[in-house]
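*Asks:* Attaching a single structure in structure tokens format; questions to follow.
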Amino acid sequence: MVPFTPQPKPAPPAPPRTLILLDPAHGGPDTGAHLPNNLLEKDITLSFNNRLRALLTAANFAVISTRTSDPSTLFTTDQRAEIANHARAAVCLTLHATGSGTGIHLFTSALTPPARSPHVFPWDTAQAASVADSRLIAAAIRSALTQARLPATSARASIRPLDNLTCPAIAIEIAPLADPSSSPTPVSDSAYQQHIAEAIVAALTDWRTANLTGAGR
Amino acid sequence: MIPRYQRVLFWSLIAGIVLMGSFLIHGCRQAHQRLTALNDATPIAAPTTASTQEITLYLANDADGSLAPDQRELALPQDPTLRARALLEYLLAQYSLPTSTHPLQSGPTVDDVFFINLPLATPTARNALSPATGMPSQDKSRSSHPAKSTSQLAIVNLHGSFVESHPSGIQVEALTLLSLIATLHSAFPEVTEVRFLVAGQPRDTLAGHADLTRAYSATAATPTETTKRTTDTQP
């Protein structure tokens, strides 16, 4: 006779670790924009990637980045899209910086969503099936940035690799923060970057709670 | 007594001076003739009177990412391609003014503008998907001898130095393209698609971001009369 041993009570399921893909734009010989004070866009995007990655990980997101250093050779947008599409991330964020305009510019693809889900995804229009989700997440991030008193605009644009991604994808472009009383805050300002990153993480956390927890992604 | 070799040397030097002097005078005359020819104000074509007309420029604003219409009175050439080029050069010249809300460097901007009737004989790469199949749309009913269409594709050939000096950024590049497209479509309503070349060659991006490999829909880029283009609208 086998003695009865009580089975341990199953632990409640842990919340799903939603995968976020970060793509710090440019790198290597592709320096991106030349910003004031001899700064390069590729360096700003990498530093913002590291900051955002740490905050997302702390918020229980699984995060992968298309690059974590400055590559020695050209890292094409097609290579970035391949990494993102193979990872099957829940959200893809491509990170940019510019010296023009002010605040944070959010961009989603200008592709038109198809009426029905396609069986195959043509490379140049792979984002079309996810455009609706992309715009919802962009609206959530814009709302979080506005709540954090950061000026944000959202628009649609045709840029690579955004159009080649199968995941919901948003391009986040950081511009200097205009200040009427003093000189603009540069995009390299760590407090400014931290403020933006915290707002993005808050938006993605709310979005995960509202949309993905029930779906089990 | 002057030695003979010194006399020969003296007259040789005199001859050289005369020769060089005549050569210099001849060169000066030729240079003067060339300059006179350049400054020749004689008309080579009959003068035409181009009356001014009202045009709509769609001016970009970097501060809020908007595109706003602005009415101007402008005299433009009658030839459509010259007219389009003059219009776009005038538009981009506005951005080099000190008060510009979308500052760009001055200098040559547009080399040429060409118009091609649509549909083309070969399908163009487009980003629109077929609602039925989800594949890039291709008009299967297109015959080998298409009927005359009123829609046109405009090909804008940008000057290389303009592109090289253009600020880099998603918003600033997209606004430049949308400003060009909307202004062109306003003056030429038959233009429904716009493609861009740089110094006669295809190019991936304007300044590292905005895609130049695709054709842009002119109708979607132009704000309607009742809505000023701001952010979050379809380019």
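Going by the structure tokens order, chains are called A, B, ..., each with residues numbered from 1, while ligands are numbered from 1 in the order shown.
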Could you list, as a ChimeraX atom specification, the residues of chain A having an atom within 8 Å of chain B when counting only C-alpha atoms?
*Replies:* /A:32-34,96-102,105,110-122,124-125,153-160,173
*Asks:* I want to know what sits within 9 Å of Ala93 in chain B, based on only C-alpha atoms, with residues of the same chain fewer than 5 positions away left out; could you give that as number ranges by chain?
*Replies:* B: 88, 104-107, 109
*Asks:* Interatomic distance between CA of Leu106 in chain A and CA of Cys167 in chain A?
*Replies:* 16.2 Å
*Asks:* Quick one: everything within 8 Å of Ala197 in chain A, counting only C-alpha atoms, minus sequence neighbours fewer than 3 positions away in the same chain. Send it as number ranges by chain.
*Replies:* A: 48, 51-52, 55, 193-194, 200-201
*Asks:* Got time to write the residues from that selection, N, CA, C and O atoms, as a short mmCIF file (atom, residue, chain, number, x, y, z; two decimals), in the first residue's frame?
*Replies:*
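Heads up, here's the output in part.cif:
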data_model
loop_
_atom_site.label_atom_id
_atom_site.label_comp_id
_atom_site.auth_asym_id
_atom_site.auth_seq_id
_atom_site.Cartn_x
_atom_site.Cartn_y
_atom_site.Cartn_z
N PHE A 48 20.12 55.04 -25.29
CA PHE A 48 18.70 54.99 -24.92
C PHE A 48 18.20 53.55 -24.91
O PHE A 48 17.39 53.16 -24.06
N ARG A 51 19.20 52.01 -21.61
CA ARG A 51 18.37 52.53 -20.51
C ARG A 51 16.98 51.91 -20.53
O ARG A 51 16.46 51.44 -19.52
N LEU A 52 16.38 51.89 -21.73
CA LEU A 52 15.02 51.35 -21.86
C LEU A 52 15.01 49.85 -21.60
O LEU A 52 14.07 49.31 -20.98
N LEU A 55 14.98 49.15 -17.83
CA LEU A 55 13.68 49.42 -17.22
C LEU A 55 12.64 48.38 -17.62
O LEU A 55 11.81 47.97 -16.80
N GLN A 193 16.23 61.30 -21.11
CA GLN A 193 16.08 59.93 -21.61
C GLN A 193 15.37 59.04 -20.59
O GLN A 193 14.51 58.22 -20.96
N GLN A 194 15.72 59.19 -19.32
CA GLN A 194 15.11 58.38 -18.28
C GLN A 194 13.61 58.67 -18.19
O GLN A 194 12.80 57.75 -18.06
N ILE A 200 7.47 55.17 -21.47
CA ILE A 200 7.26 54.07 -22.43
C ILE A 200 6.99 52.77 -21.67
O ILE A 200 6.08 52.00 -22.04
N VAL A 201 7.77 52.51 -20.63
CA VAL A 201 7.57 51.28 -19.85
C VAL A 201 6.19 51.29 -19.20
O VAL A 201 5.49 50.26 -19.19
#
*Asks:* With distances taken over only C-alpha atoms, which residue among B:Leu92, B:Leu74, B:Leu118, B:Leu82 lies nearest Ser179 in chain B?
*Replies:*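 Smallest separation from Ser179 in chain B among the options: B:Leu92.
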*Asks:* As an NGL selection string, please: the residues near Asp23 in chain A (cut-off 6 Å, only C-alpha atoms, same-chain neighbours under 6 positions excluded).
*Replies:* :A and (65-66 or 94-95)
*Asks:* For the residues in that selection, give me all heavy atoms as a tab-separated table (two decimals), in the first residue's frame.
*Replies:*
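Result file follows (selection30.tsv):
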chain	number	residue	atom	x	y	z
A	65	SER	N	17.61	43.05	-28.06
A	65	SER	CA	18.01	44.21	-28.86
A	65	SER	C	18.70	43.72	-30.12
A	65	SER	O	19.41	42.72	-30.11
A	65	SER	CB	18.96	45.11	-28.07
A	65	SER	OG	18.33	45.62	-26.93
A	66	THR	N	18.48	44.44	-31.20
A	66	THR	CA	19.13	44.05	-32.45
A	66	THR	C	20.63	44.30	-32.39
A	66	THR	O	21.41	43.67	-33.09
A	66	THR	CB	18.54	44.81	-33.64
A	66	THR	OG1	18.62	46.22	-33.36
A	66	THR	CG2	17.10	44.42	-33.89
A	94	THR	N	11.65	50.73	-32.72
A	94	THR	CA	12.89	51.19	-33.34
A	94	THR	C	13.18	52.58	-32.80
A	94	THR	O	12.29	53.43	-32.73
A	94	THR	CB	12.79	51.21	-34.88
A	94	THR	OG1	11.86	52.21	-35.27
A	94	THR	CG2	12.33	49.88	-35.42
A	95	LEU	N	14.41	52.79	-32.39
A	95	LEU	CA	14.79	54.00	-31.65
A	95	LEU	C	15.63	54.93	-32.53
A	95	LEU	O	16.60	54.48	-33.16
A	95	LEU	CB	15.58	53.61	-30.40
A	95	LEU	CG	14.93	52.51	-29.54
A	95	LEU	CD1	15.84	52.13	-28.38
A	95	LEU	CD2	13.57	52.96	-29.02
*Asks:* Determine which residues of chain A receive a DSSP assignment of helix (DSSP H, G or I), computed from the backbone, and state them as a PyMOL selection string.
*Replies:* chain A and resi 41-58+77-87+123-147+162-164+190-212
